[in-house]
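File shown: target26.txt. Contents: compact mmCIF, C-alpha atoms and all ligand atoms.
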```txt
# COMPACT_ATOMS: atom_id res chain seq x y z
CA MET G 1 75.32 83.16 106.34
CA LYS G 2 78.46 84.17 108.14
CA ASN G 3 78.14 85.61 111.60
CA LEU G 4 79.61 89.02 112.37
CA VAL G 5 81.80 88.74 115.45
CA LEU G 6 82.91 91.77 117.43
CA ILE G 7 86.08 91.48 119.46
CA GLY G 8 87.87 94.08 121.54
CA PHE G 9 89.11 95.29 124.89
CA MET G 10 86.67 96.37 127.59
CA GLY G 11 85.25 99.72 126.58
CA SER G 12 85.77 99.21 122.86
CA GLY G 13 82.00 99.36 122.30
CA LYS G 14 81.28 95.75 121.32
CA SER G 15 77.76 95.69 122.73
CA SER G 16 76.56 99.14 121.67
CA ILE G 17 78.07 98.85 118.20
CA GLY G 18 76.86 95.25 117.88
CA ARG G 19 73.27 96.12 118.67
CA ARG G 20 73.26 98.91 116.10
CA VAL G 21 75.00 96.82 113.43
CA ALA G 22 72.47 94.03 113.94
CA GLY G 23 69.66 96.57 113.52
CA ARG G 24 71.21 97.87 110.31
CA LEU G 25 71.61 94.40 108.83
CA GLY G 26 68.31 93.05 110.17
CA ARG G 27 70.10 90.30 112.07
CA ASP G 28 69.88 88.83 115.57
CA PHE G 29 72.17 90.32 118.17
CA VAL G 30 73.73 88.12 120.85
CA ASP G 31 76.05 89.16 123.64
CA VAL G 32 78.24 86.39 125.08
CA ASP G 33 78.35 88.03 128.53
CA VAL G 34 74.55 88.28 128.65
CA VAL G 35 74.12 84.64 127.65
CA ILE G 36 76.58 83.62 130.40
CA GLU G 37 74.66 85.64 132.99
CA GLN G 38 71.33 84.19 131.87
CA ARG G 39 72.66 80.68 131.98
CA GLU G 40 74.28 81.09 135.38
CA GLN G 41 71.44 83.22 136.74
CA ARG G 42 73.94 85.63 138.25
CA ARG G 43 76.16 88.55 137.33
CA ILE G 44 79.64 87.99 135.89
CA SER G 45 81.17 89.79 138.87
CA GLU G 46 79.55 87.21 141.12
CA ILE G 47 80.86 84.31 139.02
CA PHE G 48 84.41 85.71 139.30
CA GLU G 49 84.04 86.34 143.02
CA LEU G 50 82.60 82.97 143.98
CA ASP G 51 84.06 80.58 141.42
CA GLY G 52 87.03 82.43 139.96
CA GLU G 53 88.21 83.44 136.51
CA HIS G 54 89.08 79.91 135.43
CA TYR G 55 85.48 78.76 135.94
CA PHE G 56 84.20 81.83 134.06
CA ARG G 57 86.51 81.13 131.11
CA ARG G 58 85.20 77.56 130.87
CA ILE G 59 81.61 78.75 130.61
CA GLU G 60 82.65 81.52 128.23
CA ALA G 61 84.32 78.95 125.95
CA ALA G 62 81.22 76.73 125.97
CA VAL G 63 78.91 79.65 125.13
CA VAL G 64 81.27 80.89 122.40
CA LYS G 65 81.35 77.43 120.85
CA GLU G 66 77.56 77.29 120.78
CA LEU G 67 77.07 80.75 119.33
CA ALA G 68 79.89 80.23 116.81
CA ALA G 69 77.94 77.29 115.39
CA ARG G 70 75.04 79.51 114.37
CA THR G 71 74.55 79.86 110.64
CA ASP G 72 71.97 82.65 110.53
CA GLY G 73 74.46 85.50 110.21
CA CYS G 74 73.91 86.82 113.70
CA VAL G 75 75.95 89.61 115.25
CA ILE G 76 77.95 88.30 118.22
CA ALA G 77 79.49 90.64 120.82
CA THR G 78 82.18 88.75 122.69
CA GLY G 79 83.69 89.54 126.10
CA GLY G 80 87.06 91.29 126.16
CA GLY G 81 88.90 88.13 127.21
CA VAL G 82 87.72 85.96 124.33
CA VAL G 83 91.13 86.34 122.65
CA LEU G 84 92.89 84.60 125.55
CA ASN G 85 91.76 81.17 124.37
CA PRO G 86 92.79 80.27 120.80
CA ASP G 87 90.00 77.68 120.68
CA ASN G 88 87.46 80.52 120.97
CA LEU G 89 88.87 82.31 117.94
CA HIS G 90 89.15 79.09 115.99
CA ALA G 91 85.48 78.30 116.61
CA LEU G 92 84.34 81.84 115.79
CA ARG G 93 86.34 81.92 112.54
CA HIS G 94 84.64 78.78 111.30
CA ASN G 95 81.53 80.68 110.24
CA GLY G 96 82.29 84.25 111.15
CA VAL G 97 83.78 87.51 110.00
CA LEU G 98 85.89 88.70 112.93
CA ILE G 99 86.11 92.44 113.45
CA VAL G 100 88.24 93.96 116.20
CA LEU G 101 87.00 97.23 117.67
CA TRP G 102 90.23 98.98 118.46
CA VAL G 103 90.61 101.22 121.46
CA ASP G 104 93.78 102.51 123.13
CA ALA G 105 94.42 101.94 126.82
CA ASP G 106 93.68 105.53 127.88
CA THR G 107 90.39 105.64 126.00
CA ALA G 108 89.46 102.21 127.38
CA HIS G 109 90.16 103.52 130.86
CA GLN G 110 87.95 106.56 130.32
CA ARG G 111 85.11 104.57 128.81
CA THR G 112 85.09 101.98 131.59
CA ALA G 113 85.50 104.41 134.50
CA HIS G 114 81.80 104.18 135.39
CA LYS G 115 81.63 100.38 135.09
CA GLN G 116 82.24 99.40 138.67
CA HIS G 117 81.07 95.81 138.10
CA LEU G 118 83.95 94.74 135.84
CA PRO G 119 85.77 92.13 137.95
CA LEU G 120 89.16 92.42 136.24
CA LEU G 121 89.26 96.16 136.84
CA LYS G 122 88.74 95.95 140.58
CA ALA G 123 92.07 97.44 141.58
CA PRO G 124 93.28 100.38 143.65
CA ASP G 125 94.81 101.93 140.52
CA ARG G 126 92.37 101.24 137.72
CA HIS G 127 94.35 103.10 135.10
CA ALA G 128 97.45 101.01 135.81
CA ARG G 129 95.34 97.87 135.75
CA VAL G 130 93.84 98.72 132.35
CA LYS G 131 97.31 99.44 130.97
CA GLU G 132 98.68 96.17 132.33
CA LEU G 133 95.86 94.07 130.84
CA PHE G 134 95.99 96.02 127.59
CA THR G 135 99.74 95.46 127.20
CA LYS G 136 99.33 91.74 127.83
CA ARG G 137 96.57 91.44 125.23
CA GLU G 138 97.43 94.00 122.59
CA ALA G 139 99.07 91.57 120.16
CA LEU G 140 96.17 89.13 120.51
CA TYR G 141 93.62 91.78 119.51
CA ARG G 142 95.75 92.98 116.62
CA ALA G 143 95.94 89.45 115.22
CA ALA G 144 92.30 88.45 115.82
CA GLY G 145 90.58 90.07 112.85
CA THR G 146 90.05 93.22 110.81
CA LEU G 147 90.79 96.26 112.96
CA VAL G 148 88.42 99.20 113.21
CA ASP G 149 89.74 102.12 115.24
CA THR G 150 86.95 103.48 117.45
CA CYS G 151 88.93 106.31 119.06
CA GLY G 152 87.59 109.76 118.28
CA LYS G 153 84.75 108.38 116.18
CA THR G 154 81.00 108.48 116.73
CA LEU G 155 79.04 105.26 117.18
CA ASP G 156 77.44 105.82 113.78
CA GLU G 157 80.81 106.16 112.08
CA VAL G 158 82.04 102.92 113.61
CA VAL G 159 78.79 101.14 112.69
CA GLU G 160 79.24 102.22 109.05
CA GLU G 161 82.79 100.89 108.95
CA VAL G 162 81.82 97.57 110.53
CA VAL G 163 78.92 97.07 108.12
CA ALA G 164 81.17 97.90 105.15
CA ILE G 165 83.84 95.40 106.25
CA TYR G 166 81.27 92.68 106.80
CA ARG G 167 79.74 93.26 103.38
CA HIS G 168 83.15 93.28 101.77
CA HIS G 169 84.05 89.94 103.37
CA HIS G 170 80.71 88.41 102.83
CA GLY G 171 80.11 89.38 99.24
CA GLY G 172 76.67 90.13 97.86
CA GLU G 173 74.65 87.98 100.22
CA SER G 174 74.29 90.53 103.03
CA HIS G 175 73.10 93.28 100.65
CA ARG G 176 69.77 91.56 100.32
CA HIS G 177 69.24 92.09 104.03
CA GLY G 178 70.87 95.49 104.42
C1 LIG G 201 86.42 90.54 130.42
C2 LIG G 201 85.55 91.43 129.81
C3 LIG G 201 84.12 91.50 130.15
C4 LIG G 201 83.64 90.19 130.79
C5 LIG G 201 84.53 89.80 131.91
C6 LIG G 201 85.99 89.59 131.47
C7 LIG G 201 87.84 90.54 130.00
O1 LIG G 201 83.37 91.75 128.98
O2 LIG G 201 83.57 89.16 129.86
O3 LIG G 201 84.46 90.81 132.88
O4 LIG G 201 88.56 89.58 130.33
O5 LIG G 201 88.26 91.49 129.30
P1 LIG G 201 83.32 93.20 128.24
O6 LIG G 201 84.53 93.31 127.40
O7 LIG G 201 82.08 93.10 127.42
O8 LIG G 201 83.23 94.23 129.31
```

Would you mind writing the file's structure down as structure tokens?
Ligand code: S3P
Amino acid sequence: MKNLVLIGFMGSGKSSIGRRVAGRLGRDFVDVDVVIEQREQRRISEIFELDGEHYFRRIEAAVVKELAARTDGCVIATGGGVVLNPDNLHALRHNGVLIVLWVDADTAHQRTAHKQHLPLLKAPDRHARVKELFTKREALYRAAGTLVDTCGKTLDEVVEEVVAIYRHHHGGESHRHG
């Protein structure tokens, strides 16, 4: 069965939507960031601080490759930077339906305002930092998969859309589980 892969900027709702979608479909839910933290036995902020972004991206790529190889139709929430490495997307596409949770820069800023641990947003002007990262990545998100706009929608509405897209891409197979 094809995995359902959620991609999107920080604050797009990958983890909260992913957990709910997995519940709806009766599938496993895996969060790349959580797997990285478990494997490293430390928080992502600590990995960035002590070993740098390059090191983090290497581990991220290894975890993505492993999870992408699953064939049980699991729901995978990726980290916001997964789109930076084309090898990640290539691996995930092999057995996955890629869905991009779309969020604009202002909404992303609002939704991440309380997340003090996000290493890439540690900046004197967080709003400017979000905008800068967003501008750099926007085209990558747009090209990564089927877009679902999350702005102004409830979690339930987004979950419904994601489930519908997955079922559409995956044909009848997922209906047996849904
Ligand atoms: C990152 C997003 C984070 C985490 C790391 C880097 C990014 O994940 O992987 O801080 O580059 O956008 P979330 O998008 O789940 O917050």

Surrounding residues as a short mmCIF file (atom, residue, chain, number, x, y, z; two decimals) with C-alpha atoms, keeping the file's coordinate frame, ligand LIG 201 (chain G), max 7 Å, only C-alpha atoms and all ligand atoms:
```cif
data_model
loop_
_atom_site.label_atom_id
_atom_site.label_comp_id
_atom_site.auth_asym_id
_atom_site.auth_seq_id
_atom_site.Cartn_x
_atom_site.Cartn_y
_atom_site.Cartn_z
CA GLY G 8 87.87 94.08 121.54
CA PHE G 9 89.11 95.29 124.89
CA MET G 10 86.67 96.37 127.59
CA GLY G 11 85.25 99.72 126.58
CA LYS G 14 81.28 95.75 121.32
CA SER G 15 77.76 95.69 122.73
CA ASP G 33 78.35 88.03 128.53
CA ILE G 44 79.64 87.99 135.89
CA SER G 45 81.17 89.79 138.87
CA THR G 78 82.18 88.75 122.69
CA GLY G 79 83.69 89.54 126.10
CA GLY G 80 87.06 91.29 126.16
CA GLY G 81 88.90 88.13 127.21
CA LEU G 118 83.95 94.74 135.84
CA PRO G 119 85.77 92.13 137.95
CA LEU G 120 89.16 92.42 136.24
#
```

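Closest approach to Ala113 of chain G among G:Arg129, G:Leu101, G:Glu66, G:Cys151 is made by G:Arg129 (distances from all atoms listed in the file).
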
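Using all atoms listed in the file for every distance, the candidate list G:Arg27, G:Val32, G:Gly18, G:Gln38 yields G:Gly18 as the residue closest to Glu160 of chain G.
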
Inset, instruction - Pick out the closest residue to Ser12 of chain G from this set: G:Tyr141, G:Phe29, G:Trp102, G:Phe56. Count only C-alpha atoms. - result: G:Trp102

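Among the candidates G:Ile165, G:Ala69, G:Thr107, G:Ile36, the one nearest to Tyr55 of chain G when counting all atoms listed in the file is G:Ile36.
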
Inset, instruction - Using only C-alpha atoms, determine which residues lie at most 12 Å from Gly13 of chain G, disregarding the query and same-chain residues fewer than 5 positions distant; provide the list as a PyMOL selection string. - result: chain G and resi 6-8+18-21+31+77-80+99-103+107-108+111-112+148-151+153-156+158-159+162

Legend entry - One-decimal distance in Å that lies between atom CA of Gln116 of chain G and atom CA of Leu67 of chain G: 27.4 Å

Inset, instruction - Determine the nearest neighbour of His90 of chain G from the options G:Thr135, G:Arg126, G:Phe48, G:Ala144, counting all atoms listed in the file. - result: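 Checking each of G:Thr135, G:Arg126, G:Phe48, G:Ala144 against His90 of chain G, counting all atoms listed in the file, the winner is G:Ala144.
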
Inset, instruction - Measuring atom to atom with only C-alpha atoms, identify which of G:Val35, G:Ala105, G:Leu84, G:Leu4 is nearest to Ala68 of chain G. - result: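 Smallest separation from Ala68 of chain G among the options: G:Leu4.
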
Inset, instruction - Find the distance between atom CA of Asn3 of chain G and atom CA of Ile47 of chain G and write it in Å to one decimal. - result: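 Taking atom CA of Asn3 of chain G as the start and atom CA of Ile47 of chain G as the end point, the length is 27.6 Å.
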
So that all listed atoms of segment 138-157 of chain G fit with 6 Å spare on each side, what axis-aligned box centre and edge lengths in Å, to one decimal, would you give as AutoDock Vina command-line options?
```
--center_x 88.3 --center_y 99.1 --center_z 116.7 --size_x 33.6 --size_y 33.3 --size_z 23.8
```

Inset, instruction - Grab the atom CA of Asp72 of chain G to atom CA of Asn88 of chain G distance for me, in Å with one decimal place. - result: 18.8 Å

Legend entry - Who sits within 10 Å of Leu89 of chain G, only C-alpha atoms, same chain under 6 positions skipped, as a count of residues only: 12
